file input.cif (mmCIF, C-alpha atoms and all ligand atoms)
data_input
loop_
_atom_site.group_PDB
_atom_site.id
_atom_site.type_symbol
_atom_site.label_atom_id
_atom_site.label_comp_id
_atom_site.auth_asym_id
_atom_site.auth_seq_id
_atom_site.Cartn_x
_atom_site.Cartn_y
_atom_site.Cartn_z
ATOM 1 C CA MET A 1 110.020 65.226 140.049
ATOM 2 C CA VAL A 2 111.104 64.474 136.461
ATOM 3 C CA GLU A 3 114.794 64.889 135.681
ATOM 4 C CA VAL A 4 116.513 65.410 132.327
ATOM 5 C CA SER A 5 119.740 63.683 131.323
ATOM 6 C CA THR A 6 121.184 65.260 128.162
ATOM 7 C CA SER A 7 122.891 62.767 125.837
ATOM 8 C CA ILE A 8 126.161 64.238 124.565
ATOM 9 C CA LEU A 9 126.469 61.625 121.803
ATOM 10 C CA SER A 10 125.634 64.102 119.048
ATOM 11 C CA VAL A 11 127.527 67.142 120.340
ATOM 12 C CA GLU A 12 129.039 68.980 117.370
ATOM 13 C CA SER A 13 132.805 68.400 117.307
ATOM 14 C CA GLY A 14 134.732 71.623 117.739
ATOM 15 C CA ASN A 15 131.891 73.027 119.861
ATOM 16 C CA GLU A 16 132.137 70.635 122.791
ATOM 17 C CA ALA A 17 133.340 73.045 125.476
ATOM 18 C CA GLU A 18 130.763 75.692 124.672
ATOM 19 C CA THR A 19 127.980 73.095 124.447
ATOM 20 C CA PHE A 20 128.827 71.481 127.796
ATOM 21 C CA LEU A 21 128.939 74.877 129.528
ATOM 22 C CA LEU A 22 125.644 75.913 127.936
ATOM 23 C CA LEU A 23 124.014 72.640 128.997
ATOM 24 C CA GLU A 24 125.224 73.181 132.561
ATOM 25 C CA LYS A 25 123.817 76.721 132.523
ATOM 26 C CA SER A 26 120.551 75.361 131.094
ATOM 27 C CA LYS A 27 120.260 73.130 134.159
ATOM 28 C CA THR A 28 120.417 69.669 132.679
ATOM 29 C CA ASP A 29 120.247 67.314 135.696
ATOM 30 C CA TYR A 30 122.792 64.874 134.247
ATOM 31 C CA PHE A 31 125.179 64.523 131.335
ATOM 32 C CA HIS A 32 124.263 61.224 129.641
ATOM 33 C CA ILE A 33 127.461 59.530 128.429
ATOM 34 C CA ASP A 34 126.712 57.081 125.601
ATOM 35 C CA VAL A 35 129.583 54.579 125.578
ATOM 36 C CA MET A 36 129.550 52.313 122.520
ATOM 37 C CA ASP A 37 132.246 49.681 121.845
ATOM 38 C CA GLY A 38 131.581 48.908 118.163
ATOM 39 C CA LYS A 39 130.655 45.335 119.198
ATOM 40 C CA PHE A 40 127.509 45.468 121.351
ATOM 41 C CA VAL A 41 126.382 48.190 118.920
ATOM 42 C CA LYS A 42 127.966 49.159 115.571
ATOM 43 C CA GLN A 43 129.221 52.620 116.538
ATOM 44 C CA ASP A 44 132.399 53.041 118.588
ATOM 45 C CA THR A 45 132.346 56.112 120.845
ATOM 46 C CA TYR A 46 134.608 54.699 123.579
ATOM 47 C CA LYS A 47 137.581 57.027 123.204
ATOM 48 C CA LYS A 48 135.405 60.076 122.582
ATOM 49 C CA MET A 49 133.274 59.414 125.669
ATOM 50 C CA ILE A 50 136.384 59.008 127.846
ATOM 51 C CA GLU A 51 137.629 62.398 126.618
ATOM 52 C CA TYR A 52 134.230 64.026 127.080
ATOM 53 C CA SER A 53 133.815 62.585 130.610
ATOM 54 C CA ASN A 54 137.297 63.787 131.606
ATOM 55 C CA TYR A 55 136.588 67.225 130.199
ATOM 56 C CA ILE A 56 133.134 67.568 131.782
ATOM 57 C CA ARG A 57 134.500 66.452 135.150
ATOM 58 C CA ARG A 58 137.090 69.244 134.936
ATOM 59 C CA ILE A 59 134.575 72.002 134.211
ATOM 60 C CA SER A 60 131.402 70.868 135.970
ATOM 61 C CA ASN A 61 130.188 69.130 139.101
ATOM 62 C CA LEU A 62 126.961 68.030 137.440
ATOM 63 C CA PRO A 63 126.408 64.254 137.735
ATOM 64 C CA LEU A 64 127.439 61.881 134.957
ATOM 65 C CA ASP A 65 124.900 59.274 133.853
ATOM 66 C CA VAL A 66 127.020 56.643 132.079
ATOM 67 C CA HIS A 67 125.207 54.337 129.630
ATOM 68 C CA LEU A 68 127.450 51.366 128.757
ATOM 69 C CA MET A 69 126.478 49.843 125.418
ATOM 70 C CA VAL A 70 129.415 47.437 125.559
ATOM 71 C CA GLU A 71 130.061 43.685 125.622
ATOM 72 C CA ASP A 72 132.838 43.925 128.219
ATOM 73 C CA VAL A 73 130.846 45.513 131.042
ATOM 74 C CA GLU A 74 133.507 44.968 133.729
ATOM 75 C CA THR A 75 136.132 46.970 131.810
ATOM 76 C CA GLY A 76 133.555 49.665 131.063
ATOM 77 C CA ILE A 77 132.801 49.995 134.766
ATOM 78 C CA GLU A 78 136.516 50.191 135.613
ATOM 79 C CA VAL A 79 137.266 52.801 132.941
ATOM 80 C CA PHE A 80 134.266 55.069 133.460
ATOM 81 C CA SER A 81 134.240 54.991 137.253
ATOM 82 C CA ALA A 82 137.445 57.056 137.075
ATOM 83 C CA ASN A 83 135.320 60.206 136.807
ATOM 84 C CA GLU A 84 133.107 59.216 139.739
ATOM 85 C CA PRO A 85 129.846 59.064 137.788
ATOM 86 C CA ASN A 86 126.592 59.267 139.710
ATOM 87 C CA ILE A 87 125.111 56.344 137.773
ATOM 88 C CA ILE A 88 126.609 53.512 135.722
ATOM 89 C CA THR A 89 124.113 51.576 133.607
ATOM 90 C CA PHE A 90 124.915 48.332 131.773
ATOM 91 C CA HIS A 91 122.791 46.246 129.404
ATOM 92 C CA LEU A 92 121.151 43.059 130.659
ATOM 93 C CA GLU A 93 121.709 41.621 127.166
ATOM 94 C CA ALA A 94 125.493 41.997 127.579
ATOM 95 C CA CYS A 95 125.519 39.511 130.491
ATOM 96 C CA LYS A 96 125.746 35.732 130.003
ATOM 97 C CA ASN A 97 123.967 34.789 133.227
ATOM 98 C CA GLU A 98 122.524 35.955 136.542
ATOM 99 C CA GLU A 99 125.884 35.567 138.275
ATOM 100 C CA GLU A 100 127.485 38.028 135.851
ATOM 101 C CA VAL A 101 124.648 40.539 136.352
ATOM 102 C CA MET A 102 125.078 40.372 140.124
ATOM 103 C CA LYS A 103 128.877 40.710 139.766
ATOM 104 C CA ASN A 104 128.452 43.896 137.702
ATOM 105 C CA ILE A 105 125.957 45.290 140.219
ATOM 106 C CA GLU A 106 128.408 44.687 143.077
ATOM 107 C CA LEU A 107 131.351 46.179 141.147
ATOM 108 C CA ILE A 108 129.451 49.399 140.380
ATOM 109 C CA LYS A 109 128.495 49.696 144.052
ATOM 110 C CA GLU A 110 132.122 49.176 145.083
ATOM 111 C CA LYS A 111 132.969 52.134 142.832
ATOM 112 C CA GLY A 112 130.452 54.254 144.747
ATOM 113 C CA ALA A 113 128.022 54.799 141.868
ATOM 114 C CA ARG A 114 124.324 54.097 141.614
ATOM 115 C CA VAL A 115 123.469 51.032 139.520
ATOM 116 C CA GLY A 116 121.327 51.045 136.384
ATOM 117 C CA ILE A 117 120.270 48.109 134.205
ATOM 118 C CA ALA A 118 119.233 48.893 130.621
ATOM 119 C CA ILE A 119 117.003 46.704 128.474
ATOM 120 C CA LYS A 120 116.668 46.800 124.708
ATOM 121 C CA PRO A 121 113.229 47.137 123.053
ATOM 122 C CA ASP A 122 112.955 43.387 122.332
ATOM 123 C CA THR A 123 113.830 42.278 125.874
ATOM 124 C CA PRO A 124 110.693 41.489 127.943
ATOM 125 C CA ILE A 125 110.454 43.754 131.004
ATOM 126 C CA GLN A 126 109.992 40.707 133.272
ATOM 127 C CA GLU A 127 113.657 39.755 132.718
ATOM 128 C CA VAL A 128 114.810 42.686 134.874
ATOM 129 C CA TYR A 129 112.379 42.144 137.775
ATOM 130 C CA LYS A 130 114.608 39.862 139.837
ATOM 131 C CA TYR A 131 117.391 42.504 139.877
ATOM 132 C CA LEU A 132 115.231 45.480 140.883
ATOM 133 C CA PRO A 133 115.766 45.094 144.651
ATOM 134 C CA TYR A 134 119.538 45.503 144.112
ATOM 135 C CA ILE A 135 119.649 48.457 141.693
ATOM 136 C CA HIS A 136 118.712 52.149 141.649
ATOM 137 C CA MET A 137 117.452 52.654 138.111
ATOM 138 C CA CYS A 138 116.007 50.738 135.175
ATOM 139 C CA LEU A 139 116.711 52.224 131.736
ATOM 140 C CA VAL A 140 113.965 51.272 129.292
ATOM 141 C CA MET A 141 115.397 51.856 125.802
ATOM 142 C CA THR A 142 112.721 53.489 123.657
ATOM 143 C CA VAL A 143 114.832 52.969 120.514
ATOM 144 C CA GLU A 144 117.263 50.255 119.412
ATOM 145 C CA PRO A 145 120.576 51.306 121.044
ATOM 146 C CA GLY A 146 123.369 52.454 118.746
ATOM 147 C CA LYS A 147 122.597 55.919 117.474
ATOM 148 C CA GLY A 148 120.861 59.190 118.185
ATOM 149 C CA GLY A 149 118.068 60.865 116.262
ATOM 150 C CA GLN A 150 115.749 57.833 116.019
ATOM 151 C CA THR A 151 111.955 57.787 116.524
ATOM 152 C CA LEU A 152 110.505 56.475 119.803
ATOM 153 C CA ILE A 153 109.075 52.934 119.452
ATOM 154 C CA THR A 154 105.489 53.431 120.671
ATOM 155 C CA GLU A 155 105.163 49.862 121.975
ATOM 156 C CA MET A 156 107.659 50.894 124.676
ATOM 157 C CA ILE A 157 104.999 53.049 126.388
ATOM 158 C CA ALA A 158 103.153 49.909 127.546
ATOM 159 C CA LYS A 159 106.477 48.451 128.723
ATOM 160 C CA ILE A 160 107.159 51.526 130.892
ATOM 161 C CA ASN A 161 103.601 51.237 132.246
ATOM 162 C CA GLU A 162 104.143 47.596 133.128
ATOM 163 C CA LEU A 163 107.404 48.326 134.952
ATOM 164 C CA LYS A 164 105.781 51.203 136.842
ATOM 165 C CA SER A 165 102.858 49.092 138.032
ATOM 166 C CA TYR A 166 105.224 46.284 139.047
ATOM 167 C CA ILE A 167 107.437 48.571 141.179
ATOM 168 C CA ASP A 168 104.397 50.274 142.722
ATOM 169 C CA LYS A 169 102.714 46.938 143.497
ATOM 170 C CA ASN A 170 105.911 45.640 145.092
ATOM 171 C CA SER A 171 106.825 49.007 146.702
ATOM 172 C CA ILE A 172 110.244 49.050 145.082
ATOM 173 C CA GLU A 173 111.912 52.479 145.129
ATOM 174 C CA ILE A 174 113.588 52.783 141.727
ATOM 175 C CA ASP A 175 114.059 55.395 138.996
ATOM 176 C CA ILE A 176 112.705 54.673 135.529
ATOM 177 C CA GLU A 177 114.859 56.246 132.827
ATOM 178 C CA VAL A 178 113.823 56.304 129.156
ATOM 179 C CA ASP A 179 116.249 56.858 126.318
ATOM 180 C CA GLY A 180 115.794 57.427 122.608
ATOM 181 C CA GLY A 181 113.469 59.636 120.591
ATOM 182 C CA ILE A 182 112.436 61.672 123.636
ATOM 183 C CA ASN A 183 111.179 65.131 122.617
ATOM 184 C CA LEU A 184 108.399 67.596 123.440
ATOM 185 C CA LYS A 185 105.913 65.351 121.608
ATOM 186 C CA THR A 186 106.808 62.039 123.255
ATOM 187 C CA ALA A 187 107.854 63.304 126.730
ATOM 188 C CA GLN A 188 104.279 63.628 128.023
ATOM 189 C CA ARG A 189 103.428 60.018 127.148
ATOM 190 C CA VAL A 190 106.518 58.479 128.744
ATOM 191 C CA LYS A 191 106.029 60.586 131.900
ATOM 192 C CA GLU A 192 102.385 59.509 132.163
ATOM 193 C CA ALA A 193 103.541 55.911 131.762
ATOM 194 C CA GLY A 194 105.882 56.333 134.753
ATOM 195 C CA ALA A 195 109.301 57.504 133.546
ATOM 196 C CA ASN A 196 111.001 60.005 135.882
ATOM 197 C CA ILE A 197 114.363 60.484 134.142
ATOM 198 C CA LEU A 198 114.250 61.473 130.480
ATOM 199 C CA VAL A 199 117.325 61.122 128.257
ATOM 200 C CA ALA A 200 117.298 63.451 125.277
ATOM 201 C CA GLY A 201 120.058 64.208 122.797
ATOM 202 C CA THR A 202 118.793 65.485 119.463
ATOM 203 C CA ALA A 203 115.730 67.276 120.881
ATOM 204 C CA ILE A 204 117.927 69.373 123.163
ATOM 205 C CA LEU A 205 121.078 69.826 121.050
ATOM 206 C CA MET A 206 119.181 70.996 117.970
ATOM 207 C CA ALA A 207 117.250 73.609 119.970
ATOM 208 C CA SER A 208 118.333 77.252 119.825
ATOM 209 C CA ASP A 209 117.704 77.598 123.571
ATOM 210 C CA TYR A 210 118.607 74.459 125.570
ATOM 211 C CA LYS A 211 116.998 75.790 128.750
ATOM 212 C CA VAL A 212 113.559 76.192 127.147
ATOM 213 C CA ILE A 213 113.561 72.589 125.963
ATOM 214 C CA ILE A 214 114.952 71.186 129.207
ATOM 215 C CA ASP A 215 112.318 73.069 131.228
ATOM 216 C CA GLU A 216 109.505 71.928 128.912
ATOM 217 C CA LEU A 217 110.649 68.299 129.053
ATOM 218 C CA LYS A 218 110.533 68.493 132.851
ATOM 219 C CA ASN A 219 107.096 70.118 133.162
HETATM 220 C C1 LIG A 301 121.217 55.555 121.716
HETATM 221 C C2 LIG A 301 121.603 56.285 122.992
HETATM 222 C C3 LIG A 301 120.683 57.424 123.293
HETATM 223 C C4 LIG A 301 120.631 58.451 122.170
HETATM 224 C C5 LIG A 301 119.558 59.466 122.496
HETATM 225 O O1 LIG A 301 121.881 54.333 121.665
HETATM 226 O O2 LIG A 301 121.574 55.408 124.087
HETATM 227 O O3 LIG A 301 121.100 58.059 124.515
HETATM 228 O O4 LIG A 301 121.879 59.091 122.037
HETATM 229 O O5 LIG A 301 119.526 60.319 121.444
HETATM 230 P P1 LIG A 301 118.172 60.965 120.895
HETATM 231 O O6 LIG A 301 117.622 61.758 122.058
HETATM 232 O O7 LIG A 301 118.709 61.795 119.780
HETATM 233 O O8 LIG A 301 117.272 59.875 120.480
HETATM 234 ZN ZN ZN A 302 121.904 56.383 126.044
#
call {"tool": "encode", "arguments": {"input": "input.cif", "output": "structure tokens", "more": "lines below"}}
Ligand code: DX5
Ligand code: ZN
result
Amino acid sequence: MVEVSTSILSVESGNEAETFLLLEKSKTDYFHIDVMDGKFVKQDTYKKMIEYSNYIRRISNLPLDVHLMVEDVETGIEVFSANEPNIITFHLEACKNEEEVMKNIELIKEKGARVGIAIKPDTPIQEVYKYLPYIHMCLVMTVEPGKGGQTLITEMIAKINELKSYIDKNSIEIDIEVDGGINLKTAQRVKEAGANILVAGTAILMASDYKVIIDELKN
């Protein structure tokens, strides 16, 4: 079953409350919280994403899918676990060594969330293989992290395929999430390649009827 995680990065300011309620009514499976620290990526959405997570937690029980695009992963985990997210994902590229990756995995588990590892387009998929037995989800970035509204990098389709065959061959139970440039045109290809959680921001938020888009992305 394919799930949809709506990125709230580009929610129109002043319309947040209405948008979050509409997204809940439109049956998004997750709210995708794009946390950027202005260091790992240029944009800084830290404060805004804390406010949004607090607000969403007050009005909805839908799961939060936190995507940490930050250098200081440990602090990000501490701060964003306050709202009991379902998933906390950090970037492999933000970790100096294997020990740090394992430490972050353990810390997220201690906070009671599922663990995701995200990899940027230029990071070879093989670099995440050794961590797969310990995590719940691998987020394959289909754009360079840092902003919404970009076009999916087509080379990422083969990367998703490779990850899917690896987990099938090694019977590893893990979700494959894709993030960036996902819309009605690209959704089919990433699903065929093996993705089962689709992050979409622009494609959903610019639609007049969120539910139509969310349903089409799923089917
Ligand atoms: C980019 C974020 C994505 C982005 C998705 O760094 O991780 O979640 O907001 O936005 P769209 O769907 O507009 O590409
Ligand atoms: Zn994201």
call {"tool": "atom_distance", "arguments": {"input": "input.cif", "atom1": "CA of Gly112 in chain A", "atom2": "CA of Leu132 in chain A"}}
result
18.0 Å
call {"tool": "residues_around", "arguments": {"input": "input.cif", "residues": "Ile119 in chain A", "least_positions_apart": "6", "cutoff": "6 Å", "atoms": "all atoms listed in the file", "output": "ChimeraX atom specification"}}
result
/A:91-92,140
call {"tool": "closest_residue", "arguments": {"input": "input.cif", "among": "A:Ile174, A:Cys138, A:Leu217, A:Val212", "to": "Ser26 in chain A", "atoms": "all atoms listed in the file"}}
result
A:Val212
call {"tool": "residues_around", "arguments": {"input": "input.cif", "residues": "range 56-69 of chain A", "least_positions_apart": "6", "cutoff": "8 Å", "atoms": "only C-alpha atoms", "output": "count of residues only"}}
result
28
call {"tool": "closest_atom_pairs", "arguments": {"input": "input.cif", "of": "chain A", "to": "ligand LIG 301 (chain A)", "cutoff": "6 Å", "atoms": "only C-alpha atoms and all ligand atoms", "output": "CSV"}}
result
residue,atom,partner,partner_atom,distance
A:Ser7,CA,A:LIG301,O3,5.2
A:Leu9,CA,A:LIG301,O4,5.2
A:Asp34,CA,A:LIG301,O2,5.6
A:Pro145,CA,A:LIG301,O1,3.4
A:Gly146,CA,A:LIG301,O1,3.8
A:Lys147,CA,A:LIG301,C1,4.5
A:Gly148,CA,A:LIG301,O5,3.7
A:Gly149,CA,A:LIG301,O7,3.7
A:Gln150,CA,A:LIG301,O8,5.1
A:Asp179,CA,A:LIG301,O3,5.3
A:Gly180,CA,A:LIG301,O8,3.6
A:Gly181,CA,A:LIG301,O8,3.8
A:Ile182,CA,A:LIG301,O6,5.4
A:Ala200,CA,A:LIG301,O6,3.7
A:Gly201,CA,A:LIG301,O6,3.5
A:Thr202,CA,A:LIG301,O7,3.7
A:Ala203,CA,A:LIG301,O6,6.0
call {"tool": "resolve_selection", "arguments": {"input": "input.cif", "expression": "the PyMOL selection byres (((chain A and resi 191) around 10) and not hetatm)", "output": "number ranges by chain"}}
result
A: 2, 157, 160-161, 176-178, 186-190, 192-198, 217-219
call {"tool": "write_last_selection", "arguments": {"input": "input.cif", "atoms": "C-alpha atoms", "output": "compact mmCIF listing (two decimals), in the coordinates of the input"}}
result
# COMPACT_ATOMS: atom_id res chain seq x y z
CA VAL A 2 111.10 64.47 136.46
CA ILE A 157 105.00 53.05 126.39
CA ILE A 160 107.16 51.53 130.89
CA ASN A 161 103.60 51.24 132.25
CA ILE A 176 112.70 54.67 135.53
CA GLU A 177 114.86 56.25 132.83
CA VAL A 178 113.82 56.30 129.16
CA THR A 186 106.81 62.04 123.26
CA ALA A 187 107.85 63.30 126.73
CA GLN A 188 104.28 63.63 128.02
CA ARG A 189 103.43 60.02 127.15
CA VAL A 190 106.52 58.48 128.74
CA GLU A 192 102.38 59.51 132.16
CA ALA A 193 103.54 55.91 131.76
CA GLY A 194 105.88 56.33 134.75
CA ALA A 195 109.30 57.50 133.55
CA ASN A 196 111.00 60.00 135.88
CA ILE A 197 114.36 60.48 134.14
CA LEU A 198 114.25 61.47 130.48
CA LEU A 217 110.65 68.30 129.05
CA LYS A 218 110.53 68.49 132.85
CA ASN A 219 107.10 70.12 133.16
call {"tool": "closest_residue", "arguments": {"input": "input.cif", "among": "A:Gln126, A:Thr75, A:Asn104, A:Thr142", "to": "ligand ZN 302 (chain A)", "atoms": "all atoms listed in the file"}}
result
A:Thr142
call {"tool": "atom_distance", "arguments": {"input": "input.cif", "atom1": "CA of Ile117 in chain A", "atom2": "CA of Lys130 in chain A"}}
result
11.5 Å
call {"tool": "closest_residue", "arguments": {"input": "input.cif", "among": "A:Glu162, A:Glu155, A:Glu110, A:Glu100", "to": "Tyr129 in chain A", "atoms": "all atoms listed in the file"}}
result
A:Glu162
call {"tool": "atom_distance", "arguments": {"input": "input.cif", "atom1": "CA of Lys103 in chain A", "atom2": "CA of Glu74 in chain A"}}
result
8.7 Å
call {"tool": "closest_residue", "arguments": {"input": "input.cif", "among": "A:Ile172, A:Ser208, A:Ile105, A:Leu152", "to": "Lys185 in chain A", "atoms": "only C-alpha atoms"}}
result
A:Leu152
call {"tool": "closest_residue", "arguments": {"input": "input.cif", "among": "A:Val199, A:Val73, A:Val101, A:Ala82", "to": "ligand ZN 302 (chain A)", "atoms": "all atoms listed in the file"}}
result
A:Val199
call {"tool": "closest_residue", "arguments": {"input": "input.cif", "among": "A:Met141, A:Ala94, A:Met49, A:Ala113", "to": "ligand ZN 302 (chain A)", "atoms": "only C-alpha atoms and all ligand atoms"}}
result
A:Met141
call {"tool": "axis_aligned_box", "arguments": {"input": "input.cif", "around": "range 58-71 of chain A", "padding_each_side": "6 Å", "output": "lines of an AutoDock Vina configuration file"}}
result
center_x = 131.0
center_y = 57.8
center_z = 132.3
size_x = 24.2
size_y = 40.3
size_z = 25.7
